[in-house]
>>> print(open('input_36.tsv').read())   # TSV, C-alpha atoms
chain	number	residue	atom	x	y	z
Y	1	MET	CA	0.00	0.00	0.00
Y	2	LEU	CA	2.77	2.45	0.92
Y	3	ARG	CA	4.47	1.70	-2.39
Y	4	GLU	CA	1.47	3.24	-4.15
Y	5	PHE	CA	1.85	6.55	-2.31
Y	6	SER	CA	2.96	9.50	-4.48
Y	7	ALA	CA	3.79	13.19	-4.13
Y	8	GLN	CA	1.10	13.96	-6.69
Y	9	SER	CA	-1.58	12.31	-4.55
Y	10	LEU	CA	-0.18	14.08	-1.48
Y	11	PHE	CA	-0.59	17.50	-3.12
Y	12	MET	CA	-4.06	16.74	-4.42
Y	13	GLY	CA	-5.18	15.36	-1.06
Y	14	LEU	CA	-4.00	18.48	0.76
Y	15	LEU	CA	-5.75	20.69	-1.80
Y	16	VAL	CA	-8.97	18.68	-1.43
Y	17	ALA	CA	-8.89	19.01	2.36
Y	18	PHE	CA	-8.34	22.76	2.17
Y	19	VAL	CA	-10.99	23.35	-0.48
Y	20	GLY	CA	-13.48	21.01	1.18
Y	21	PHE	CA	-13.16	22.67	4.58
Y	22	ALA	CA	-12.56	26.32	3.69
Y	23	SER	CA	-15.19	26.51	0.97
Y	24	SER	CA	-18.15	25.54	3.12
Y	25	PHE	CA	-17.43	25.51	6.86
Y	26	SER	CA	-19.21	28.87	7.03
Y	27	VAL	CA	-22.34	27.21	5.61
Y	28	VAL	CA	-22.15	24.52	8.29
Y	29	LEU	CA	-21.87	27.12	11.05
Y	30	GLN	CA	-24.81	29.05	9.60
Y	31	GLY	CA	-26.88	25.87	9.46
Y	32	LEU	CA	-26.14	24.73	13.00
Y	33	GLU	CA	-26.69	28.18	14.50
Y	34	GLY	CA	-29.83	28.64	12.39
Y	35	ILE	CA	-31.43	25.58	13.91
Y	36	GLY	CA	-30.60	26.55	17.47
Y	37	ALA	CA	-27.01	25.53	18.27
Y	38	SER	CA	-25.01	27.67	20.68
Y	39	PRO	CA	-21.48	28.76	19.64
Y	40	ALA	CA	-20.00	25.93	21.71
Y	41	GLN	CA	-22.37	23.40	20.11
Y	42	SER	CA	-21.58	24.78	16.63
Y	43	ALA	CA	-17.85	24.38	17.25
Y	44	SER	CA	-18.45	20.85	18.53
Y	45	GLY	CA	-20.57	20.00	15.49
Y	46	LEU	CA	-17.96	21.37	13.10
Y	47	MET	CA	-15.26	19.36	14.87
Y	48	ALA	CA	-17.33	16.17	14.89
Y	49	LEU	CA	-18.13	16.45	11.19
Y	50	SER	CA	-14.50	17.12	10.24
Y	51	ILE	CA	-13.20	14.20	12.28
Y	52	VAL	CA	-15.87	11.81	10.99
Y	53	MET	CA	-15.21	12.97	7.42
Y	54	GLY	CA	-11.54	12.25	7.91
Y	55	VAL	CA	-11.96	8.86	9.56
Y	56	ALA	CA	-14.58	7.72	7.04
Y	57	GLY	CA	-12.51	8.87	4.05
Y	58	ILE	CA	-9.39	7.14	5.32
Y	59	ILE	CA	-11.06	3.83	6.19
Y	60	ILE	CA	-13.32	3.51	3.13
Y	61	SER	CA	-10.59	4.53	0.67
Y	62	ALA	CA	-7.99	2.25	2.26
Y	63	VAL	CA	-10.31	-0.77	2.32
Y	64	THR	CA	-11.79	-0.34	-1.17
Y	65	ARG	CA	-8.61	1.05	-2.77
Y	66	MET	CA	-10.84	3.63	-4.45
Y	67	PRO	CA	-10.63	7.45	-4.05
Y	68	VAL	CA	-13.82	7.80	-2.01
Y	69	SER	CA	-13.95	11.42	-0.90
Y	70	ILE	CA	-16.24	12.17	2.04
Y	71	ALA	CA	-17.78	15.58	2.76
Y	72	TRP	CA	-20.30	17.10	5.11
Y	73	SER	CA	-23.71	17.79	3.64
Y	74	THR	CA	-23.39	21.42	2.53
Y	75	PRO	CA	-26.91	21.53	1.03
Y	76	GLY	CA	-28.15	19.92	4.23
Y	77	ALA	CA	-26.51	22.67	6.28
Y	78	ALA	CA	-28.12	25.28	4.03
Y	79	LEU	CA	-31.47	23.61	4.66
Y	80	LEU	CA	-30.92	23.83	8.43
Y	81	ALA	CA	-30.09	27.54	8.16
Y	82	THR	CA	-33.59	28.24	6.85
Y	83	ALA	CA	-35.53	25.67	8.91
Y	84	GLY	CA	-35.64	27.75	12.09
Y	85	THR	CA	-35.39	26.55	15.67
Y	86	LEU	CA	-37.55	23.68	16.86
Y	87	PRO	CA	-39.70	23.73	20.02
Y	88	GLY	CA	-37.31	21.31	21.69
Y	89	GLY	CA	-34.26	23.38	20.77
Y	90	PHE	CA	-31.04	21.99	19.36
Y	91	ALA	CA	-31.59	18.65	21.13
Y	92	GLU	CA	-34.64	18.09	18.93
Y	93	ALA	CA	-32.57	18.99	15.86
Y	94	VAL	CA	-29.99	16.38	16.87
Y	95	GLY	CA	-32.79	13.83	17.06
Y	96	ALA	CA	-33.73	14.79	13.51
Y	97	PHE	CA	-30.09	14.34	12.40
Y	98	ILE	CA	-30.16	10.79	13.73
Y	99	VAL	CA	-33.45	10.02	11.97
Y	100	ALA	CA	-32.11	11.40	8.68
Y	101	ASN	CA	-28.99	9.26	8.93
Y	102	LEU	CA	-31.01	6.16	9.77
Y	103	LEU	CA	-33.03	6.82	6.60
Y	104	ILE	CA	-29.77	7.02	4.62
Y	105	ILE	CA	-28.65	3.69	6.09
Y	106	ALA	CA	-32.03	2.20	5.18
Y	107	ALA	CA	-31.78	3.62	1.65
Y	108	GLY	CA	-28.53	1.72	1.21
Y	109	LEU	CA	-29.67	-1.54	2.78
Y	110	LEU	CA	-33.33	-1.72	1.74
Y	111	LYS	CA	-34.11	-1.57	-1.95
Y	112	PRO	CA	-37.70	-0.29	-1.52
Y	113	VAL	CA	-36.40	2.74	0.40
Y	114	GLY	CA	-33.77	3.40	-2.24
Y	115	ARG	CA	-36.40	3.10	-4.98
Y	116	ALA	CA	-38.68	5.52	-3.12
Y	117	ILE	CA	-36.05	8.26	-3.00
Y	118	SER	CA	-35.15	7.58	-6.63
Y	119	ALA	CA	-38.83	7.94	-7.56
Y	120	ILE	CA	-38.88	11.60	-6.48
Y	121	PRO	CA	-38.59	13.57	-9.73
Y	122	ALA	CA	-35.14	15.14	-9.96
Y	123	PRO	CA	-36.56	18.55	-11.00
Y	124	LEU	CA	-38.57	18.73	-7.77
Y	125	ALA	CA	-35.66	17.72	-5.54
Y	126	ASN	CA	-33.49	20.34	-7.24
Y	127	ALA	CA	-36.24	22.96	-7.04
Y	128	MET	CA	-36.55	22.36	-3.29
Y	129	LEU	CA	-32.80	22.75	-2.90
Y	130	ALA	CA	-32.73	25.92	-5.03
Y	131	GLY	CA	-35.54	27.41	-2.97
Y	132	VAL	CA	-33.69	26.68	0.26
Y	133	LEU	CA	-30.47	28.21	-1.08
Y	134	LEU	CA	-32.03	31.37	-2.49
Y	135	ALA	CA	-32.28	33.33	0.77
Y	136	LEU	CA	-28.71	32.44	1.74
Y	137	CYS	CA	-27.37	33.61	-1.62
Y	138	PHE	CA	-28.75	37.10	-0.90
Y	139	ALA	CA	-26.28	37.50	1.99
Y	140	PRO	CA	-23.37	38.97	-0.07
Y	141	VAL	CA	-25.63	41.78	-1.29
Y	142	GLU	CA	-26.91	42.36	2.24
Y	143	ALA	CA	-23.30	42.54	3.47
Y	144	VAL	CA	-22.55	45.33	1.01
Y	145	LYS	CA	-25.67	47.15	2.19
Y	146	PHE	CA	-24.54	46.68	5.80
Y	147	ASP	CA	-21.10	48.19	5.13
Y	148	PRO	CA	-19.60	48.48	1.60
Y	149	LEU	CA	-16.07	48.77	2.98
Y	150	LEU	CA	-16.46	45.40	4.71
Y	151	GLY	CA	-18.64	43.54	2.21
Y	152	LEU	CA	-17.14	44.55	-1.14
Y	153	PRO	CA	-13.59	43.18	-0.49
Y	154	ILE	CA	-15.07	39.74	0.18
Y	155	ILE	CA	-17.07	39.78	-3.06
Y	156	LEU	CA	-14.18	41.18	-5.12
Y	157	ALA	CA	-11.82	38.49	-3.81
Y	158	PHE	CA	-14.36	35.85	-4.78
Y	159	VAL	CA	-14.81	37.26	-8.30
Y	160	VAL	CA	-11.13	37.86	-9.06
Y	161	ALA	CA	-9.88	34.52	-7.72
Y	162	GLY	CA	-12.74	32.69	-9.43
Y	163	ALA	CA	-11.74	34.21	-12.77
Y	164	PHE	CA	-8.42	32.38	-12.51
Y	165	ASN	CA	-9.45	29.20	-10.69
Y	166	ARG	CA	-13.01	28.41	-9.64
Y	167	LEU	CA	-11.86	26.18	-6.78
Y	168	LEU	CA	-9.96	29.04	-5.17
Y	169	ALA	CA	-12.85	31.53	-5.29
Y	170	VAL	CA	-14.35	30.72	-1.89
Y	171	PRO	CA	-10.99	30.29	-0.10
Y	172	ALA	CA	-10.05	33.73	-1.48
Y	173	ALA	CA	-13.29	35.18	-0.13
Y	174	LEU	CA	-12.50	33.57	3.21
Y	175	GLY	CA	-9.03	35.15	3.13
Y	176	ALA	CA	-10.61	38.52	2.43
Y	177	PHE	CA	-12.96	37.95	5.37
Y	178	VAL	CA	-9.96	37.40	7.65
Y	179	LEU	CA	-8.27	40.59	6.40
Y	180	VAL	CA	-11.49	42.56	6.87
Y	181	LEU	CA	-11.80	41.10	10.35
Y	182	VAL	CA	-8.24	42.11	11.29
Y	183	PHE	CA	-8.07	45.53	9.67
Y	184	GLY	CA	-11.67	46.68	9.27
Y	185	VAL	CA	-13.66	45.45	12.26
Y	186	ASP	CA	-13.49	47.30	15.57
Y	187	ILE	CA	-12.60	44.47	17.95
Y	188	PRO	CA	-13.03	45.16	21.68
Y	189	ASP	CA	-10.02	45.03	24.00
Y	190	GLY	CA	-9.35	41.57	25.31
Y	191	ALA	CA	-11.29	39.82	22.55
Y	192	TRP	CA	-8.19	38.21	21.06
Y	193	ALA	CA	-7.32	36.71	24.43
Y	194	ASP	CA	-10.77	35.13	24.50
Y	195	VAL	CA	-10.14	33.68	21.05
Y	196	TRP	CA	-7.03	31.83	22.18
Y	197	ARG	CA	-8.77	30.60	25.31
Y	198	GLU	CA	-11.54	29.10	23.17
Y	199	ALA	CA	-9.21	27.73	20.49
Y	200	ALA	CA	-9.00	24.23	21.95
Y	201	PRO	CA	-11.85	22.12	20.55
Y	202	MET	CA	-14.33	20.95	23.15
Y	203	PRO	CA	-16.82	18.22	22.24
Y	204	VAL	CA	-20.29	19.00	23.53
Y	205	TRP	CA	-22.65	16.07	24.01
Y	206	VAL	CA	-26.27	16.77	23.07
Y	207	THR	CA	-28.80	14.20	24.22
Y	208	PRO	CA	-31.21	13.82	21.30
Y	209	VAL	CA	-34.92	14.49	21.56
Y	210	PHE	CA	-37.16	12.84	18.98
Y	211	SER	CA	-40.43	14.23	17.66
Y	212	LEU	CA	-42.67	13.69	14.66
Y	213	GLN	CA	-42.53	17.39	13.82
Y	214	ALA	CA	-38.73	17.37	13.62
Y	215	ALA	CA	-38.76	14.15	11.62
Y	216	ILE	CA	-41.06	15.66	8.98
Y	217	SER	CA	-39.72	19.21	9.05
Y	218	VAL	CA	-35.99	18.53	9.26
Y	219	ALA	CA	-35.07	14.86	8.96
Y	220	LEU	CA	-37.00	14.03	5.79
Y	221	PRO	CA	-35.88	17.10	3.78
Y	222	LEU	CA	-32.31	16.61	5.06
Y	223	PHE	CA	-32.39	12.98	3.91
Y	224	ILE	CA	-33.75	13.88	0.45
Y	225	VAL	CA	-31.34	16.77	-0.12
Y	226	THR	CA	-28.32	14.74	1.01
Y	227	MET	CA	-29.20	11.76	-1.17
Y	228	ALA	CA	-30.22	13.75	-4.26
Y	229	SER	CA	-27.49	16.37	-4.25
Y	230	GLN	CA	-24.54	14.55	-2.65
Y	231	ASN	CA	-24.67	10.77	-2.39
Y	232	ILE	CA	-26.12	9.95	-5.82
Y	233	PRO	CA	-23.86	12.42	-7.71
Y	234	GLY	CA	-20.90	11.16	-5.66
Y	235	VAL	CA	-21.42	7.60	-6.92
Y	236	ALA	CA	-21.90	8.93	-10.46
Y	237	ILE	CA	-18.58	10.80	-10.37
Y	238	LEU	CA	-16.76	7.66	-9.26
Y	239	ALA	CA	-18.44	5.73	-12.08
Y	240	ILE	CA	-17.40	8.37	-14.63
Y	241	ASN	CA	-13.79	7.77	-13.59
Y	242	ALA	CA	-14.18	3.98	-14.04
Y	243	TYR	CA	-14.69	3.08	-10.38
Y	244	ARG	CA	-17.58	0.76	-9.54
Y	245	PRO	CA	-18.35	0.93	-5.83
Y	246	SER	CA	-21.42	-0.67	-4.28
Y	247	ALA	CA	-23.72	2.36	-4.12
Y	248	GLY	CA	-25.95	0.92	-1.40
Y	249	ARG	CA	-23.02	-0.01	0.78
Y	250	MET	CA	-21.49	3.47	0.34
Y	251	PHE	CA	-24.74	5.17	1.32
Y	252	SER	CA	-25.12	3.01	4.41
Y	253	LEU	CA	-21.53	3.60	5.50
Y	254	THR	CA	-21.87	7.38	5.29
Y	255	GLY	CA	-25.09	7.18	7.32
Y	256	LEU	CA	-23.41	4.95	9.88
Y	257	PHE	CA	-20.41	7.26	10.31
Y	258	SER	CA	-22.79	10.20	10.58
Y	259	LEU	CA	-24.46	8.63	13.61
Y	260	PHE	CA	-21.19	9.10	15.52
Y	261	ALA	CA	-21.18	12.83	14.75
Y	262	ALA	CA	-24.85	13.53	15.52
Y	263	PRO	CA	-24.75	13.52	19.37
Y	264	PHE	CA	-21.92	16.05	19.19
Y	265	GLY	CA	-23.89	18.39	16.90
Y	266	GLY	CA	-22.94	17.17	13.42
Y	267	HIS	CA	-25.83	16.90	10.97
Y	268	GLY	CA	-24.22	14.35	8.67
Y	269	VAL	CA	-21.54	13.39	6.17
Y	270	ASN	CA	-21.94	11.90	2.72
Y	271	LEU	CA	-20.14	11.09	-0.49
Y	272	ALA	CA	-18.49	14.19	-1.92
Y	273	ALA	CA	-19.23	15.54	-5.37
Y	274	ILE	CA	-16.75	18.30	-6.32
Y	275	THR	CA	-13.85	16.99	-4.26
Y	276	ALA	CA	-14.67	13.48	-5.46
Y	277	ALA	CA	-13.85	14.62	-8.99
Y	278	MET	CA	-10.53	15.99	-7.74
Y	279	CYS	CA	-9.54	12.76	-5.99
Y	280	ALA	CA	-10.81	10.42	-8.73
Y	281	GLY	CA	-9.44	12.34	-11.71
Y	282	PRO	CA	-6.04	12.08	-13.43
Y	283	ASP	CA	-4.70	15.11	-11.55
Y	284	ALA	CA	-4.54	12.89	-8.45
Y	285	HIS	CA	-2.31	10.38	-10.30
Y	286	PRO	CA	-2.03	9.02	-13.84
Y	287	ASP	CA	-2.59	5.50	-12.53
Y	288	PRO	CA	-6.22	5.06	-11.35
Y	289	LYS	CA	-5.13	2.31	-8.96
Y	290	ARG	CA	-3.03	4.79	-6.96
Y	291	ARG	CA	-5.49	7.69	-6.68
Y	292	TYR	CA	-7.05	6.41	-3.47
Y	293	TRP	CA	-4.10	7.96	-1.63
Y	294	ALA	CA	-5.44	11.42	-2.47
Y	295	ALA	CA	-8.64	10.63	-0.55
Y	296	ILE	CA	-6.64	9.22	2.37
Y	297	ILE	CA	-4.49	12.37	2.58
Y	298	ALA	CA	-7.63	14.50	2.37
Y	299	GLY	CA	-9.03	12.52	5.30
Y	300	ILE	CA	-5.92	13.25	7.36
Y	301	GLY	CA	-6.30	16.93	6.46
Y	302	TYR	CA	-9.90	16.93	7.68
Y	303	LEU	CA	-8.76	15.48	11.00
Y	304	VAL	CA	-6.32	18.38	11.41
Y	305	PHE	CA	-8.96	20.96	10.50
Y	306	GLY	CA	-11.35	19.35	12.95
Y	307	LEU	CA	-8.90	19.97	15.78
Y	308	MET	CA	-8.84	23.65	14.74
Y	309	SER	CA	-12.62	24.06	14.80
Y	310	GLY	CA	-12.67	25.88	18.15
Y	311	LEU	CA	-10.25	28.51	16.81
Y	312	VAL	CA	-12.29	28.88	13.62
Y	313	VAL	CA	-15.55	29.51	15.48
Y	314	ALA	CA	-13.88	31.89	17.93
Y	315	LEU	CA	-12.45	33.98	15.08
Y	316	VAL	CA	-15.75	34.06	13.23
Y	317	SER	CA	-17.54	35.27	16.36
Y	318	LEU	CA	-15.47	38.49	16.33
Y	319	ALA	CA	-17.01	39.71	13.07
Y	320	PRO	CA	-20.53	40.95	12.32
Y	321	PRO	CA	-22.57	37.84	11.47
Y	322	ILE	CA	-23.52	39.19	8.03
Y	323	LEU	CA	-19.88	38.94	6.87
Y	324	ILE	CA	-19.56	35.19	7.43
Y	325	GLU	CA	-23.06	34.85	6.00
Y	326	ALA	CA	-21.72	36.58	2.88
Y	327	VAL	CA	-18.94	34.01	2.59
Y	328	ALA	CA	-21.51	31.24	3.00
Y	329	GLY	CA	-23.74	32.81	0.36
Y	330	LEU	CA	-20.87	33.04	-2.11
Y	331	ALA	CA	-20.00	29.39	-1.42
Y	332	LEU	CA	-23.55	28.38	-2.34
Y	333	ILE	CA	-23.93	30.33	-5.60
Y	334	GLY	CA	-22.62	27.43	-7.68
Y	335	ALA	CA	-24.92	24.97	-5.94
Y	336	PHE	CA	-27.89	27.29	-6.40
Y	337	ALA	CA	-27.17	27.77	-10.11
Y	338	ALA	CA	-26.80	24.02	-10.69
Y	339	ALA	CA	-29.97	23.21	-8.76
Y	340	ALA	CA	-32.01	25.92	-10.52
Y	341	LEU	CA	-30.80	24.76	-13.94
Y	342	ALA	CA	-31.66	21.14	-13.19
Y	343	ALA	CA	-35.03	22.14	-11.73
Y	344	PHE	CA	-36.26	23.99	-14.82
Y	345	LYS	CA	-34.49	22.00	-17.51
Y	346	GLU	CA	-37.43	19.72	-18.36
Y	347	PRO	CA	-40.36	21.68	-19.87
Y	348	GLU	CA	-43.05	19.25	-18.69
Y	349	ALA	CA	-41.89	19.55	-15.07
Y	350	ARG	CA	-41.40	23.32	-14.93
Y	351	GLU	CA	-44.76	24.21	-13.40
Y	352	ALA	CA	-44.41	21.72	-10.55
Y	353	ALA	CA	-40.75	22.71	-10.09
Y	354	ALA	CA	-41.69	26.40	-9.97
Y	355	ILE	CA	-44.29	25.76	-7.27
Y	356	THR	CA	-41.80	23.67	-5.29
Y	357	PHE	CA	-39.18	26.40	-5.62
Y	358	LEU	CA	-41.52	29.23	-4.60
Y	359	VAL	CA	-42.98	27.46	-1.56
Y	360	ALA	CA	-39.53	26.36	-0.36
Y	361	ALA	CA	-38.03	29.81	-0.98
Y	362	SER	CA	-40.84	31.52	0.92
Y	363	GLY	CA	-39.63	29.96	4.14
Y	364	VAL	CA	-43.23	29.76	5.31
Y	365	GLY	CA	-44.04	26.73	7.42
Y	366	PHE	CA	-47.34	25.26	8.51
Y	367	PHE	CA	-48.06	23.22	11.66
Y	368	GLY	CA	-44.45	23.76	12.70
Y	369	ILE	CA	-43.13	22.04	9.54
Y	370	SER	CA	-40.64	23.91	7.36
Y	371	GLY	CA	-41.29	25.28	3.90
Y	372	ALA	CA	-38.84	22.82	2.30
Y	373	PHE	CA	-41.15	19.92	3.05
Y	374	TRP	CA	-44.28	21.77	1.92
Y	375	GLY	CA	-42.55	22.86	-1.27
Y	376	LEU	CA	-41.74	19.28	-2.17
Y	377	ALA	CA	-45.22	18.14	-1.15
Y	378	ALA	CA	-46.83	20.82	-3.34
Y	379	GLY	CA	-44.66	19.89	-6.30
Y	380	LEU	CA	-45.46	16.20	-5.92
Y	381	ALA	CA	-49.17	17.01	-5.69
Y	382	ILE	CA	-49.07	19.04	-8.92
Y	383	THR	CA	-47.09	16.29	-10.64
Y	384	GLY	CA	-49.57	13.64	-9.50
Y	385	ILE	CA	-52.59	15.66	-10.64
Y	386	LYS	CA	-51.05	16.29	-14.06
Y	387	ARG	CA	-50.22	12.62	-14.55
Y	388	LEU	CA	-53.71	11.55	-13.48
Y	389	THR	CA	-55.29	14.06	-15.88
Y	390	GLN	CA	-53.07	12.92	-18.73
Y	391	LYS	CA	-54.03	9.29	-18.11
Y	392	ARG	CA	-57.72	10.13	-18.15
Y	393	HIS	CA	-57.33	12.07	-21.40
Y	394	ALA	CA	-55.37	9.19	-22.90
Y	395	GLY	CA	-58.02	6.70	-21.75
Y	396	GLY	CA	-60.86	8.84	-23.05
>>> encode(input="input_36.tsv", output="C-alpha cells")
Amino acid sequence: MLREFSAQSLFMGLLVAFVGFASSFSVVLQGLEGIGASPAQSASGLMALSIVMGVAGIIISAVTRMPVSIAWSTPGAALLATAGTLPGGFAEAVGAFIVANLLIIAAGLLKPVGRAISAIPAPLANAMLAGVLLALCFAPVEAVKFDPLLGLPIILAFVVAGAFNRLLAVPAALGAFVLVLVFGVDIPDGAWADVWREAAPMPVWVTPVFSLQAAISVALPLFIVTMASQNIPGVAILAINAYRPSAGRMFSLTGLFSLFAAPFGGHGVNLAAITAAMCAGPDAHPDPKRRYWAAIIAGIGYLVFGLMSGLVVALVSLAPPILIEAVAGLALIGAFAAAALAAFKEPEAREAAAITFLVAASGVGFFGISGAFWGLAAGLAITGIKRLTQKRHAGG
C-alpha cells in the first residue's frame, strides 16, 4: 500500500482538504446556528463532522482502494439555516439528524427505500434545494448594504480569484474575510485573548430528543437533499472515472459514520461531489489504482482541520454575522445555479418545479413544519394531478 503513495496524490489530497473545509465551513456554522445551536455546540458540530469525514474517508478509501472522498452535507446545512429553531431546541434537531442518517442507512440496505427516494422527480428535488439556497445567496448583497467597505472586499476576492481558478474563489473570499476582520472590524479590548482561550476544541454532548414534527420538518428534507445532491452524484462521479463501488453499501456507510457525529452536533456526512472529482481524476495520479491515496491524505487533512474548529468559530464570532453569512452565500452560488438549472431544464416539469421552488423559498411553514417539506409536497401534488389528468385524457 505504501508503495502506491505518491507526491502527486499528497498534493491533491491536501488541496482537497483545504478546499473542502474552507469553501463551506461557514455554511455549516450558519446551518447549526440557524437551527438553534449555541457557539460551543456549533464548534463541537464542526469538529465532529470534520473528524468523521476524515476517519470515514481514510477507512473507506484504504479498504476499497478507491478514491472515495467524504464531505459534510453542505446543502443539508443550508437547509438547516432556513428551517428555524424547533420547540425542543437543538436537542430536537440532533434527534432529527439521527433520523435522517437512519433513513440514509435504510436507503442503502433496503431496496424499496432506495427506490422511493429515486422515484422523487429530480426537477422537484433540485427545485426544493434551489428554494432553500435562495435566501442564503442574498447574503453577499446584504453585506454590502450593511457596510460596503467590509462587504465589497469579500465579493471582489471571490470574483477575481474565481476568474483564474473556480476552486480558489471561496478560499479567497475567506481570506478577504480574515483581512477585513483584522483591519476593518473594531474588535473590543481583550477579545483576542478570549479567542485563544476558546481555540482548543471541546466536544459537547447533546442528548437527542425525537419528535414527529422534527422528523417531517428537518429529517425528511435533510435525507432527500443529502441523497439527491450529494450521495447519488458522488457515486456517479466515481463511475465516470471507471470506479464501480457498491452504491448501497457506500450510502449506508456514510449514514453509519454520521451517527457518531450527531450527538456532538454534526448533521451528517456523505459522499463528496466536487472533491470526489478531484480525488478520482487524473490530476490525483495518472494511474487510477493509486489515486485512493489522495482521498486518504484528504481525510488526514480533515482530521487536522477538525482539531482547529474551536479557533475557527472563535475567530468568526469576532465579526458581524452578516460577513460570514456573505462568505456562506458566495459558497452556495454554484450549488444554487446548478440546482435551478436542473429544476427547470425539463419543460413538462417546470410548473411543478416552480411551485416547489416558490414554496420552499418563501420559508413559510405550517403546523411547525418547514417550507422545504411543503414545497416538495406541493410539487409532488401538482405532478400527481397532471399525470392523473393525462391518463384520463389518454383513456378517453
>>> closest_residue(input="input_36.tsv", among="Y:Ala284, Y:Ala228, Y:Pro321, Y:Tyr243", to="Ala127 in chain Y", atoms="only C-alpha atoms")
Y:Ala228
>>> residues_around(input="input_36.tsv", residues="range 45-53 of chain Y", least_positions_apart="4", cutoff="7 Å", atoms="all atoms listed in the file", output="PyMOL selection string")
chain Y and resi 41+57+70-72+257+261+264-266+268-269+299+302-303+305-307+309
>>> closest_residue(input="input_36.tsv", among="Y:Val55, Y:Leu341, Y:Met308, Y:Ala100", to="Ala22 in chain Y", atoms="only C-alpha atoms")
Y:Met308
>>> closest_residue(input="input_36.tsv", among="Y:Gly384, Y:Phe21, Y:Leu332, Y:Phe251", to="Lys111 in chain Y", atoms="all atoms listed in the file")
Y:Phe251
>>> atom_distance(input="input_36.tsv", atom1="CA of Leu179 in chain Y", atom2="CA of Pro320 in chain Y")
13.6 Å
>>> atom_distance(input="input_36.tsv", atom1="CA of Phe18 in chain Y", atom2="CA of Gly31 in chain Y")
20.2 Å
>>> closest_residue(input="input_36.tsv", among="Y:Ser38, Y:Thr74, Y:Thr254, Y:Thr85", to="Ser26 in chain Y", atoms="all atoms listed in the file")
Y:Thr74
>>> atom_distance(input="input_36.tsv", atom1="CA of Glu348 in chain Y", atom2="CA of Leu124 in chain Y")
11.8 Å
>>> closest_residue(input="input_36.tsv", among="Y:Ser24, Y:Thr82, Y:Thr389, Y:Ser217", to="Ile333 in chain Y", atoms="only C-alpha atoms")
Y:Ser24
>>> residues_around(input="input_36.tsv", residues="Ala378 in chain Y", least_positions_apart="2", cutoff="12 Å", atoms="all atoms listed in the file", output="count of residues only")
26
>>> residues_around(input="input_36.tsv", residues="Val94 in chain Y", least_positions_apart="6", cutoff="8 Å", atoms="all atoms listed in the file", output="list of chain:residue names")
Y:Val206, Y:Thr207, Y:Pro208, Y:Val209, Y:Ala262, Y:Pro263, Y:Gly265, Y:Gly266, Y:His267
>>> residues_around(input="input_36.tsv", residues="Leu15 in chain Y", least_positions_apart="2", cutoff="12 Å", atoms="only C-alpha atoms", output="ChimeraX atom specification")
/Y:8-13,17-23,167-168,171,275,278-279,283-284,294-295,297-302
>>> write_last_selection(input="input_36.tsv", atoms="C-alpha atoms", output="short mmCIF file (atom, residue, chain, number, x, y, z; two decimals), in the coordinates of the input")
data_model
loop_
_atom_site.label_atom_id
_atom_site.label_comp_id
_atom_site.auth_asym_id
_atom_site.auth_seq_id
_atom_site.Cartn_x
_atom_site.Cartn_y
_atom_site.Cartn_z
CA GLN Y 8 1.10 13.96 -6.69
CA SER Y 9 -1.58 12.31 -4.55
CA LEU Y 10 -0.18 14.08 -1.48
CA PHE Y 11 -0.59 17.50 -3.12
CA MET Y 12 -4.06 16.74 -4.42
CA GLY Y 13 -5.18 15.36 -1.06
CA ALA Y 17 -8.89 19.01 2.36
CA PHE Y 18 -8.34 22.76 2.17
CA VAL Y 19 -10.99 23.35 -0.48
CA GLY Y 20 -13.48 21.01 1.18
CA PHE Y 21 -13.16 22.67 4.58
CA ALA Y 22 -12.56 26.32 3.69
CA SER Y 23 -15.19 26.51 0.97
CA LEU Y 167 -11.86 26.18 -6.78
CA LEU Y 168 -9.96 29.04 -5.17
CA PRO Y 171 -10.99 30.29 -0.10
CA THR Y 275 -13.85 16.99 -4.26
CA MET Y 278 -10.53 15.99 -7.74
CA CYS Y 279 -9.54 12.76 -5.99
CA ASP Y 283 -4.70 15.11 -11.55
CA ALA Y 284 -4.54 12.89 -8.45
CA ALA Y 294 -5.44 11.42 -2.47
CA ALA Y 295 -8.64 10.63 -0.55
CA ILE Y 297 -4.49 12.37 2.58
CA ALA Y 298 -7.63 14.50 2.37
CA GLY Y 299 -9.03 12.52 5.30
CA ILE Y 300 -5.92 13.25 7.36
CA GLY Y 301 -6.30 16.93 6.46
CA TYR Y 302 -9.90 16.93 7.68
#
>>> closest_residue(input="input_36.tsv", among="Y:Ser229, Y:Ser317, Y:Ser44, Y:Ser6", to="Pro203 in chain Y", atoms="all atoms listed in the file")
Y:Ser44
>>> residues_around(input="input_36.tsv", residues="Ala37 in chain Y", least_positions_apart="3", cutoff="8 Å", atoms="all atoms listed in the file", output="number ranges by chain")
Y: 32-34, 40-42, 89-90, 265
>>> residues_near_point(input="input_36.tsv", point="(-29.7, 26.2, -9.6)", cutoff="9 Å", atoms="all atoms listed in the file", output="list in words")
Asn126, Ala127, Leu129, Ala130, Gly131, Leu133, Ile333, Gly334, Ala335, Phe336, Ala337, Ala338, Ala339, Ala340, Leu341, Ala342, Ala343 and Phe344 of chain Y
>>> write_last_selection(input="input_36.tsv", atoms="C-alpha atoms", output="compact mmCIF listing (two decimals), keeping the file's coordinate frame")
# COMPACT_ATOMS: atom_id res chain seq x y z
CA ASN Y 126 -33.49 20.34 -7.24
CA ALA Y 127 -36.24 22.96 -7.04
CA LEU Y 129 -32.80 22.75 -2.90
CA ALA Y 130 -32.73 25.92 -5.03
CA GLY Y 131 -35.54 27.41 -2.97
CA LEU Y 133 -30.47 28.21 -1.08
CA ILE Y 333 -23.93 30.33 -5.60
CA GLY Y 334 -22.62 27.43 -7.68
CA ALA Y 335 -24.92 24.97 -5.94
CA PHE Y 336 -27.89 27.29 -6.40
CA ALA Y 337 -27.17 27.77 -10.11
CA ALA Y 338 -26.80 24.02 -10.69
CA ALA Y 339 -29.97 23.21 -8.76
CA ALA Y 340 -32.01 25.92 -10.52
CA LEU Y 341 -30.80 24.76 -13.94
CA ALA Y 342 -31.66 21.14 -13.19
CA ALA Y 343 -35.03 22.14 -11.73
CA PHE Y 344 -36.26 23.99 -14.82
>>> residues_near_point(input="input_36.tsv", point="(-31.7, 2.9, 5.2)", cutoff="12 Å", atoms="only C-alpha atoms", output="ChimeraX atom specification")
/Y:98-117,223,227,248-256
